[in-house]
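One file, input.cif, is given below (mmCIF, N, CA and C atoms and all ligand atoms).
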data_query
#
loop_
_atom_site.group_PDB
_atom_site.id
_atom_site.type_symbol
_atom_site.label_atom_id
_atom_site.label_comp_id
_atom_site.auth_asym_id
_atom_site.auth_seq_id
_atom_site.Cartn_x
_atom_site.Cartn_y
_atom_site.Cartn_z
ATOM 1 N N MET A 1 -8.124 20.636 11.919
ATOM 2 C CA MET A 1 -7.511 19.414 11.420
ATOM 3 C C MET A 1 -6.285 19.766 10.584
ATOM 4 N N LYS A 2 -5.171 19.096 10.835
ATOM 5 C CA LYS A 2 -3.927 19.374 10.126
ATOM 6 C C LYS A 2 -3.937 18.726 8.743
ATOM 7 N N LYS A 3 -3.594 19.525 7.695
ATOM 8 C CA LYS A 3 -3.571 18.994 6.335
ATOM 9 C C LYS A 3 -2.258 18.272 6.089
ATOM 10 N N GLN A 4 -2.340 17.168 5.364
ATOM 11 C CA GLN A 4 -1.155 16.388 5.060
ATOM 12 C C GLN A 4 -0.822 16.543 3.580
ATOM 13 N N ARG A 5 0.452 16.863 3.264
ATOM 14 C CA ARG A 5 0.876 16.991 1.867
ATOM 15 C C ARG A 5 1.167 15.600 1.321
ATOM 16 N N ILE A 6 0.694 15.335 0.106
ATOM 17 C CA ILE A 6 0.924 14.032 -0.514
ATOM 18 C C ILE A 6 1.778 14.208 -1.759
ATOM 19 N N ASP A 7 2.841 13.412 -1.870
ATOM 20 C CA ASP A 7 3.667 13.408 -3.073
ATOM 21 C C ASP A 7 3.025 12.435 -4.061
ATOM 22 N N TYR A 8 2.146 12.944 -4.936
ATOM 23 C CA TYR A 8 1.394 12.080 -5.842
ATOM 24 C C TYR A 8 2.301 11.313 -6.807
ATOM 25 N N GLY A 9 3.432 11.929 -7.182
ATOM 26 C CA GLY A 9 4.348 11.281 -8.122
ATOM 27 C C GLY A 9 4.930 9.995 -7.585
ATOM 28 N N SER A 10 4.976 9.855 -6.269
ATOM 29 C CA SER A 10 5.584 8.656 -5.688
ATOM 30 C C SER A 10 4.567 7.548 -5.448
ATOM 31 N N LEU A 11 3.299 7.833 -5.734
ATOM 32 C CA LEU A 11 2.263 6.828 -5.468
ATOM 33 C C LEU A 11 2.138 5.872 -6.641
ATOM 34 N N LYS A 12 2.672 4.697 -6.485
ATOM 35 C CA LYS A 12 2.562 3.678 -7.538
ATOM 36 C C LYS A 12 2.045 2.405 -6.910
ATOM 37 N N SER A 13 1.246 1.702 -7.677
ATOM 38 C CA SER A 13 0.734 0.419 -7.221
ATOM 39 C C SER A 13 1.076 -0.620 -8.262
ATOM 40 N N LYS A 14 1.389 -1.821 -7.836
ATOM 41 C CA LYS A 14 1.626 -2.910 -8.787
ATOM 42 C C LYS A 14 0.811 -4.115 -8.357
ATOM 43 N N ILE A 15 -0.040 -4.543 -9.260
ATOM 44 C CA ILE A 15 -0.808 -5.758 -9.022
ATOM 45 C C ILE A 15 -0.620 -6.635 -10.240
ATOM 46 N N GLY A 16 -0.109 -7.820 -10.035
ATOM 47 C CA GLY A 16 0.229 -8.674 -11.171
ATOM 48 C C GLY A 16 1.263 -7.969 -12.026
ATOM 49 N N ASN A 17 1.034 -7.867 -13.316
ATOM 50 C CA ASN A 17 1.976 -7.205 -14.223
ATOM 51 C C ASN A 17 1.625 -5.748 -14.474
ATOM 52 N N VAL A 18 0.592 -5.257 -13.819
ATOM 53 C CA VAL A 18 0.115 -3.898 -14.083
ATOM 54 C C VAL A 18 0.674 -2.928 -13.046
ATOM 55 N N GLU A 19 1.445 -1.925 -13.521
ATOM 56 C CA GLU A 19 1.907 -0.877 -12.616
ATOM 57 C C GLU A 19 1.123 0.388 -12.916
ATOM 58 N N VAL A 20 0.524 0.974 -11.891
ATOM 59 C CA VAL A 20 -0.334 2.138 -12.070
ATOM 60 C C VAL A 20 0.223 3.308 -11.276
ATOM 61 N N THR A 21 0.398 4.439 -11.953
ATOM 62 C CA THR A 21 0.766 5.661 -11.265
ATOM 63 C C THR A 21 -0.509 6.418 -10.938
ATOM 64 N N THR A 22 -0.670 6.733 -9.689
ATOM 65 C CA THR A 22 -1.898 7.392 -9.250
ATOM 66 C C THR A 22 -1.979 8.792 -9.842
ATOM 67 N N GLY A 23 -3.097 9.094 -10.495
ATOM 68 C CA GLY A 23 -3.266 10.400 -11.097
ATOM 69 C C GLY A 23 -3.969 11.367 -10.177
ATOM 70 N N ALA A 24 -4.796 10.864 -9.318
ATOM 71 C CA ALA A 24 -5.526 11.710 -8.387
ATOM 72 C C ALA A 24 -5.910 10.875 -7.176
ATOM 73 N N VAL A 25 -5.988 11.528 -6.061
ATOM 74 C CA VAL A 25 -6.332 10.818 -4.827
ATOM 75 C C VAL A 25 -7.400 11.613 -4.090
ATOM 76 N N LEU A 26 -8.474 10.921 -3.714
ATOM 77 C CA LEU A 26 -9.455 11.553 -2.835
ATOM 78 C C LEU A 26 -8.968 11.347 -1.411
ATOM 79 N N GLU A 27 -8.671 12.425 -0.738
ATOM 80 C CA GLU A 27 -8.153 12.298 0.623
ATOM 81 C C GLU A 27 -9.255 11.927 1.604
ATOM 82 N N SER A 28 -10.482 12.222 1.229
ATOM 83 C CA SER A 28 -11.610 11.844 2.069
ATOM 84 C C SER A 28 -12.771 11.468 1.166
ATOM 85 N N THR A 29 -13.482 10.424 1.510
ATOM 86 C CA THR A 29 -14.610 10.015 0.670
ATOM 87 C C THR A 29 -15.884 10.788 0.997
ATOM 88 N N GLY A 30 -15.841 11.605 2.023
ATOM 89 C CA GLY A 30 -17.028 12.365 2.388
ATOM 90 C C GLY A 30 -18.203 11.442 2.643
ATOM 91 N N SER A 31 -19.344 11.764 2.043
ATOM 92 C CA SER A 31 -20.541 10.947 2.266
ATOM 93 C C SER A 31 -20.659 9.806 1.258
ATOM 94 N N THR A 32 -19.737 9.750 0.276
ATOM 95 C CA THR A 32 -19.843 8.755 -0.794
ATOM 96 C C THR A 32 -19.893 7.331 -0.264
ATOM 97 N N SER A 33 -19.085 7.056 0.760
ATOM 98 C CA SER A 33 -19.016 5.684 1.278
ATOM 99 C C SER A 33 -20.335 5.256 1.924
ATOM 100 N N LYS A 34 -21.183 6.225 2.257
ATOM 101 C CA LYS A 34 -22.471 5.880 2.894
ATOM 102 C C LYS A 34 -23.525 5.505 1.856
ATOM 103 N N THR A 35 -23.243 5.829 0.577
ATOM 104 C CA THR A 35 -24.206 5.525 -0.483
ATOM 105 C C THR A 35 -23.850 4.183 -1.098
ATOM 106 N N LYS A 36 -24.539 3.156 -0.668
ATOM 107 C CA LYS A 36 -24.227 1.803 -1.134
ATOM 108 C C LYS A 36 -24.896 1.563 -2.482
ATOM 109 N N THR A 37 -24.141 1.890 -3.529
ATOM 110 C CA THR A 37 -24.681 1.882 -4.887
ATOM 111 C C THR A 37 -24.940 0.471 -5.417
ATOM 112 N N GLY A 38 -24.506 -0.553 -4.691
ATOM 113 C CA GLY A 38 -24.745 -1.931 -5.130
ATOM 114 C C GLY A 38 -26.222 -2.281 -5.203
ATOM 115 N N ALA A 39 -27.075 -1.511 -4.556
ATOM 116 C CA ALA A 39 -28.514 -1.798 -4.579
ATOM 117 C C ALA A 39 -29.096 -1.642 -5.982
ATOM 118 N N TRP A 40 -28.393 -0.945 -6.866
ATOM 119 C CA TRP A 40 -28.896 -0.725 -8.227
ATOM 120 C C TRP A 40 -28.658 -1.939 -9.124
ATOM 121 N N ARG A 41 -27.835 -2.848 -8.689
ATOM 122 C CA ARG A 41 -27.309 -3.908 -9.551
ATOM 123 C C ARG A 41 -28.379 -4.940 -9.947
ATOM 124 N N SER A 42 -28.349 -5.344 -11.223
ATOM 125 C CA SER A 42 -29.201 -6.458 -11.650
ATOM 126 C C SER A 42 -28.353 -7.679 -11.998
ATOM 127 N N LEU A 43 -27.058 -7.458 -12.303
ATOM 128 C CA LEU A 43 -26.139 -8.565 -12.581
ATOM 129 C C LEU A 43 -24.999 -8.524 -11.569
ATOM 130 N N ARG A 44 -24.542 -9.698 -11.162
ATOM 131 C CA ARG A 44 -23.499 -9.803 -10.133
ATOM 132 C C ARG A 44 -22.269 -10.505 -10.717
ATOM 133 N N PRO A 45 -21.070 -9.921 -10.565
ATOM 134 C CA PRO A 45 -19.873 -10.604 -11.048
ATOM 135 C C PRO A 45 -19.397 -11.654 -10.045
ATOM 136 N N LEU A 46 -19.150 -12.858 -10.530
ATOM 137 C CA LEU A 46 -18.610 -13.918 -9.686
ATOM 138 C C LEU A 46 -17.197 -14.242 -10.176
ATOM 139 N N VAL A 47 -16.230 -14.210 -9.273
ATOM 140 C CA VAL A 47 -14.830 -14.467 -9.640
ATOM 141 C C VAL A 47 -14.482 -15.908 -9.296
ATOM 142 N N ASP A 48 -13.951 -16.620 -10.283
ATOM 143 C CA ASP A 48 -13.495 -17.999 -10.077
ATOM 144 C C ASP A 48 -12.000 -17.958 -9.767
ATOM 145 N N ASP A 49 -11.655 -18.126 -8.493
ATOM 146 C CA ASP A 49 -10.248 -18.038 -8.071
ATOM 147 C C ASP A 49 -9.373 -19.091 -8.747
ATOM 148 N N LYS A 50 -9.971 -20.193 -9.149
ATOM 149 C CA LYS A 50 -9.170 -21.263 -9.782
ATOM 150 C C LYS A 50 -8.695 -20.849 -11.177
ATOM 151 N N LYS A 51 -9.459 -19.975 -11.843
ATOM 152 C CA LYS A 51 -9.078 -19.523 -13.186
ATOM 153 C C LYS A 51 -8.205 -18.270 -13.151
ATOM 154 N N CYS A 52 -8.278 -17.505 -12.055
ATOM 155 C CA CYS A 52 -7.605 -16.200 -11.971
ATOM 156 C C CYS A 52 -6.087 -16.351 -12.084
ATOM 157 N N ILE A 53 -5.469 -15.493 -12.918
ATOM 158 C CA ILE A 53 -4.011 -15.501 -13.068
ATOM 159 C C ILE A 53 -3.372 -14.305 -12.348
ATOM 160 N N GLY A 54 -4.187 -13.523 -11.657
ATOM 161 C CA GLY A 54 -3.665 -12.422 -10.847
ATOM 162 C C GLY A 54 -3.172 -11.220 -11.634
ATOM 163 N N CYS A 55 -3.706 -10.996 -12.840
ATOM 164 C CA CYS A 55 -3.212 -9.905 -13.692
ATOM 165 C C CYS A 55 -3.622 -8.524 -13.180
ATOM 166 N N GLY A 56 -4.704 -8.440 -12.428
ATOM 167 C CA GLY A 56 -5.137 -7.160 -11.870
ATOM 168 C C GLY A 56 -5.978 -6.309 -12.800
ATOM 169 N N ARG A 57 -6.367 -6.818 -13.943
ATOM 170 C CA ARG A 57 -7.139 -5.999 -14.887
ATOM 171 C C ARG A 57 -8.515 -5.624 -14.316
ATOM 172 N N CYS A 58 -9.151 -6.523 -13.603
ATOM 173 C CA CYS A 58 -10.462 -6.213 -13.005
ATOM 174 C C CYS A 58 -10.313 -5.068 -12.000
ATOM 175 N N TRP A 59 -9.261 -5.122 -11.220
ATOM 176 C CA TRP A 59 -8.973 -4.082 -10.234
ATOM 177 C C TRP A 59 -8.699 -2.754 -10.930
ATOM 178 N N THR A 60 -7.966 -2.810 -12.040
ATOM 179 C CA THR A 60 -7.593 -1.592 -12.758
ATOM 180 C C THR A 60 -8.788 -0.930 -13.419
ATOM 181 N N TYR A 61 -9.636 -1.728 -14.041
ATOM 182 C CA TYR A 61 -10.709 -1.167 -14.879
ATOM 183 C C TYR A 61 -12.020 -0.918 -14.149
ATOM 184 N N CYS A 62 -12.231 -1.477 -12.981
ATOM 185 C CA CYS A 62 -13.509 -1.269 -12.296
ATOM 186 C C CYS A 62 -13.726 0.223 -12.032
ATOM 187 N N PRO A 63 -14.778 0.806 -12.587
ATOM 188 C CA PRO A 63 -15.002 2.245 -12.420
ATOM 189 C C PRO A 63 -15.408 2.631 -10.997
ATOM 190 N N GLU A 64 -15.821 1.669 -10.207
ATOM 191 C CA GLU A 64 -16.245 1.947 -8.837
ATOM 192 C C GLU A 64 -15.138 1.717 -7.819
ATOM 193 N N GLY A 65 -14.025 1.157 -8.251
ATOM 194 C CA GLY A 65 -12.943 0.856 -7.311
ATOM 195 C C GLY A 65 -13.366 -0.148 -6.255
ATOM 196 N N CYS A 66 -14.240 -1.061 -6.646
ATOM 197 C CA CYS A 66 -14.762 -1.983 -5.638
ATOM 198 C C CYS A 66 -14.242 -3.411 -5.803
ATOM 199 N N VAL A 67 -13.171 -3.583 -6.601
ATOM 200 C CA VAL A 67 -12.491 -4.876 -6.660
ATOM 201 C C VAL A 67 -11.263 -4.773 -5.767
ATOM 202 N N HIS A 68 -11.110 -5.713 -4.866
ATOM 203 C CA HIS A 68 -10.004 -5.660 -3.899
ATOM 204 C C HIS A 68 -9.163 -6.920 -3.975
ATOM 205 N N LYS A 69 -7.851 -6.725 -3.890
ATOM 206 C CA LYS A 69 -6.932 -7.866 -3.880
ATOM 207 C C LYS A 69 -6.817 -8.378 -2.450
ATOM 208 N N LYS A 70 -7.210 -9.625 -2.234
ATOM 209 C CA LYS A 70 -7.179 -10.205 -0.889
ATOM 210 C C LYS A 70 -5.935 -11.057 -0.672
ATOM 211 N N ALA A 71 -5.425 -11.632 -1.736
ATOM 212 C CA ALA A 71 -4.211 -12.446 -1.677
ATOM 213 C C ALA A 71 -3.735 -12.618 -3.109
ATOM 214 N N GLU A 72 -2.619 -13.304 -3.295
ATOM 215 C CA GLU A 72 -2.120 -13.541 -4.651
ATOM 216 C C GLU A 72 -3.184 -14.339 -5.416
ATOM 217 N N LYS A 73 -3.619 -13.806 -6.539
ATOM 218 C CA LYS A 73 -4.648 -14.439 -7.385
ATOM 219 C C LYS A 73 -6.003 -14.595 -6.688
ATOM 220 N N VAL A 74 -6.260 -13.746 -5.712
ATOM 221 C CA VAL A 74 -7.577 -13.742 -5.063
ATOM 222 C C VAL A 74 -8.102 -12.304 -5.060
ATOM 223 N N PHE A 75 -9.070 -12.048 -5.940
ATOM 224 C CA PHE A 75 -9.674 -10.726 -6.051
ATOM 225 C C PHE A 75 -11.142 -10.833 -5.672
ATOM 226 N N GLN A 76 -11.584 -9.932 -4.792
ATOM 227 C CA GLN A 76 -12.973 -9.976 -4.339
ATOM 228 C C GLN A 76 -13.692 -8.687 -4.692
ATOM 229 N N VAL A 77 -14.957 -8.827 -4.979
ATOM 230 C CA VAL A 77 -15.800 -7.674 -5.304
ATOM 231 C C VAL A 77 -16.550 -7.249 -4.048
ATOM 232 N N ASP A 78 -16.558 -5.958 -3.770
ATOM 233 C CA ASP A 78 -17.363 -5.432 -2.666
ATOM 234 C C ASP A 78 -18.759 -5.160 -3.225
ATOM 235 N N TYR A 79 -19.685 -6.056 -2.918
ATOM 236 C CA TYR A 79 -21.026 -5.961 -3.494
ATOM 237 C C TYR A 79 -21.850 -4.794 -2.936
ATOM 238 N N ASP A 80 -21.379 -4.164 -1.891
ATOM 239 C CA ASP A 80 -22.080 -2.963 -1.397
ATOM 240 C C ASP A 80 -21.992 -1.829 -2.421
ATOM 241 N N TYR A 81 -20.919 -1.855 -3.250
ATOM 242 C CA TYR A 81 -20.688 -0.741 -4.179
ATOM 243 C C TYR A 81 -20.661 -1.157 -5.650
ATOM 244 N N CYS A 82 -20.546 -2.442 -5.929
ATOM 245 C CA CYS A 82 -20.521 -2.924 -7.325
ATOM 246 C C CYS A 82 -21.865 -2.634 -7.995
ATOM 247 N N LYS A 83 -21.820 -1.991 -9.172
ATOM 248 C CA LYS A 83 -23.050 -1.659 -9.897
ATOM 249 C C LYS A 83 -23.425 -2.712 -10.924
ATOM 250 N N GLY A 84 -22.568 -3.712 -11.097
ATOM 251 C CA GLY A 84 -22.880 -4.787 -12.039
ATOM 252 C C GLY A 84 -22.707 -4.392 -13.492
ATOM 253 N N CYS A 85 -21.779 -3.483 -13.768
ATOM 254 C CA CYS A 85 -21.605 -3.000 -15.143
ATOM 255 C C CYS A 85 -20.992 -4.052 -16.064
ATOM 256 N N GLY A 86 -20.236 -4.989 -15.502
ATOM 257 C CA GLY A 86 -19.657 -6.071 -16.310
ATOM 258 C C GLY A 86 -18.314 -5.759 -16.940
ATOM 259 N N ILE A 87 -17.768 -4.576 -16.678
ATOM 260 C CA ILE A 87 -16.466 -4.227 -17.275
ATOM 261 C C ILE A 87 -15.380 -5.208 -16.824
ATOM 262 N N CYS A 88 -15.392 -5.569 -15.543
ATOM 263 C CA CYS A 88 -14.375 -6.503 -15.034
ATOM 264 C C CYS A 88 -14.436 -7.826 -15.794
ATOM 265 N N ALA A 89 -15.632 -8.342 -16.020
ATOM 266 C CA ALA A 89 -15.788 -9.609 -16.731
ATOM 267 C C ALA A 89 -15.321 -9.477 -18.173
ATOM 268 N N ASN A 90 -15.616 -8.329 -18.764
ATOM 269 C CA ASN A 90 -15.219 -8.100 -20.154
ATOM 270 C C ASN A 90 -13.700 -8.006 -20.291
ATOM 271 N N GLU A 91 -13.034 -7.421 -19.305
ATOM 272 C CA GLU A 91 -11.586 -7.202 -19.383
ATOM 273 C C GLU A 91 -10.767 -8.404 -18.931
ATOM 274 N N CYS A 92 -11.356 -9.314 -18.189
ATOM 275 C CA CYS A 92 -10.596 -10.464 -17.685
ATOM 276 C C CYS A 92 -10.086 -11.319 -18.850
ATOM 277 N N PRO A 93 -8.766 -11.492 -18.973
ATOM 278 C CA PRO A 93 -8.222 -12.200 -20.144
ATOM 279 C C PRO A 93 -8.475 -13.703 -20.133
ATOM 280 N N VAL A 94 -8.805 -14.262 -18.962
ATOM 281 C CA VAL A 94 -9.002 -15.714 -18.899
ATOM 282 C C VAL A 94 -10.459 -16.079 -18.569
ATOM 283 N N LYS A 95 -11.330 -15.095 -18.661
ATOM 284 C CA LYS A 95 -12.767 -15.301 -18.407
ATOM 285 C C LYS A 95 -13.018 -15.949 -17.035
ATOM 286 N N ALA A 96 -12.332 -15.397 -16.029
ATOM 287 C CA ALA A 96 -12.514 -15.898 -14.661
ATOM 288 C C ALA A 96 -13.700 -15.249 -13.969
ATOM 289 N N ILE A 97 -14.283 -14.228 -14.613
ATOM 290 C CA ILE A 97 -15.414 -13.518 -14.003
ATOM 291 C C ILE A 97 -16.662 -13.750 -14.848
ATOM 292 N N THR A 98 -17.700 -14.222 -14.187
ATOM 293 C CA THR A 98 -18.979 -14.476 -14.858
ATOM 294 C C THR A 98 -20.033 -13.559 -14.265
ATOM 295 N N MET A 99 -20.844 -12.954 -15.136
ATOM 296 C CA MET A 99 -21.951 -12.120 -14.663
ATOM 297 C C MET A 99 -23.197 -12.992 -14.564
ATOM 298 N N VAL A 100 -23.813 -12.995 -13.382
ATOM 299 C CA VAL A 100 -25.029 -13.798 -13.180
ATOM 300 C C VAL A 100 -26.153 -12.880 -12.721
ATOM 301 N N MET A 101 -27.383 -13.300 -12.975
ATOM 302 C CA MET A 101 -28.545 -12.504 -12.551
ATOM 303 C C MET A 101 -28.585 -12.404 -11.032
ATOM 304 N N GLU A 102 -28.850 -11.212 -10.555
ATOM 305 C CA GLU A 102 -28.981 -10.989 -9.113
ATOM 306 C C GLU A 102 -30.304 -11.573 -8.638
ATOM 307 N N GLU A 103 -30.269 -12.220 -7.493
ATOM 308 C CA GLU A 103 -31.497 -12.742 -6.910
ATOM 309 C C GLU A 103 -31.931 -11.834 -5.774
ATOM 310 N N LYS A 104 -33.184 -11.473 -5.746
ATOM 311 C CA LYS A 104 -33.687 -10.589 -4.679
ATOM 312 C C LYS A 104 -34.515 -11.367 -3.694
HETATM 313 S S1 LIG B 1 -19.320 -5.293 -12.400
HETATM 314 FE FE1 LIG B 1 -18.523 -3.209 -12.745
HETATM 315 S S2 LIG B 1 -18.741 -2.180 -10.764
HETATM 316 FE FE2 LIG B 1 -18.902 -4.404 -10.368
HETATM 317 S S3 LIG B 1 -16.831 -5.085 -9.887
HETATM 318 FE FE3 LIG B 1 -17.113 -5.391 -12.097
HETATM 319 S S4 LIG B 1 -16.318 -3.511 -13.039
HETATM 320 FE FE4 LIG B 1 -16.664 -3.067 -10.854
HETATM 321 S S1 LIG B 2 -8.955 -9.812 -14.553
HETATM 322 FE FE1 LIG B 2 -9.417 -11.978 -14.251
HETATM 323 S S2 LIG B 2 -7.417 -13.006 -14.187
HETATM 324 FE FE2 LIG B 2 -7.058 -10.824 -13.897
HETATM 325 S S3 LIG B 2 -7.035 -10.547 -11.659
HETATM 326 FE FE3 LIG B 2 -9.138 -10.162 -12.320
HETATM 327 S S4 LIG B 2 -10.181 -12.143 -12.133
HETATM 328 FE FE4 LIG B 2 -7.980 -12.540 -12.065
#

Show this structure as structure tokens.
Amino acid sequence: MKKQRIDYGSLKSKIGNVEVTTGAVLESTGSTSKTKTGAWRSLRPLVDDKKCIGCGRCWTYCPEGCVHKKAEKVFQVDYDYCKGCGICANECPVKAITMVMEEK
């Protein structure tokens, strides 16, 4: 397999008003993507698109990288990997994310 060189300094992302320079990149997720860590969750974050201002803080702070921008002011959580830590809800400046009990 041919290795590809990545210019990490040029990797920047902007979501809302937040510009992030990538510090490290996993070129391959290996087996990590097969481990659906969302099964551990007891609380589920629900995003209210009507309240969202598109700042990107939930996307920036999620330690699992499982918040995805689907459109302007539309952020979705991938529940296969969300652990329910609540950081996104805590960081949201307009309280658009509510943590609710998971139903089994
Ligand atoms: S609850 Fe935690 S793991 Fe789930 S989306 Fe929010 S920050 Fe990410
Ligand atoms: S932190 Fe809140 S307002 Fe900002 S993008 Fe996420 S849900 Fe929207």

Picked residues, the PyMOL selection byres (((not hetatm) and name CA) within 12 of (chain B and resi 1)), as a ChimeraX atom specification: /A:36-47,56-69,75-92,96-102

Backbone-only DSSP, helix (DSSP H, G or I) members of chain A, as a PyMOL selection string: chain A and resi 8-10+32-34+37-40+57-61+87-91

DSSP strand (DSSP E) selection over segment 27-100 of chain A, as a ChimeraX atom specification: /A:43-47,67-71,74-77,97-100

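Candidate residues A:Ile53, A:Glu103, A:Ala71, A:Gly30 were compared for distance to ligand LIG 2 (chain B), and the nearest is A:Ile53, using only C-alpha atoms and all ligand atoms.
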
Could you give me the centre and size, in Å to one decimal, of an axis-aligned box around all listed atoms of ligand LIG 2 (chain B) with 4 Å added on every side, as AutoDock Vina command-line options?
--center_x -8.6 --center_y -11.4 --center_z -13.1 --size_x 11.1 --size_y 11.2 --size_z 10.9

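The smallest atom-to-atom distance between Gly16 of chain A and any of A:Val74, A:Ser33, A:Cys55, A:Pro93, using only C-alpha atoms, is found for A:Cys55.
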
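Proximity ranking of A:Lys12, A:Lys95, A:Lys34, A:Lys70 relative to ligand LIG 2 (chain B) places A:Lys95 first, based on only N, CA and C atoms and all ligand atoms.
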
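Take atom CA of Asn17 of chain A and atom FE3 of ligand LIG 2 (chain B): the distance between them is 11.7 Å.
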
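Between atom S4 of ligand LIG 2 (chain B) and atom CA of Thr22 of chain A lies a distance of 21.4 Å.
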
Atom C of Lys51 of chain A to atom C of Leu11 of chain A, distance in Å rounded to a single decimal: 27.1 Å

Closest of A:Lys14, A:Val94, A:Thr35, A:Glu19 to Lys50 of chain A - atom-to-atom distances counting only C-alpha atoms: A:Val94
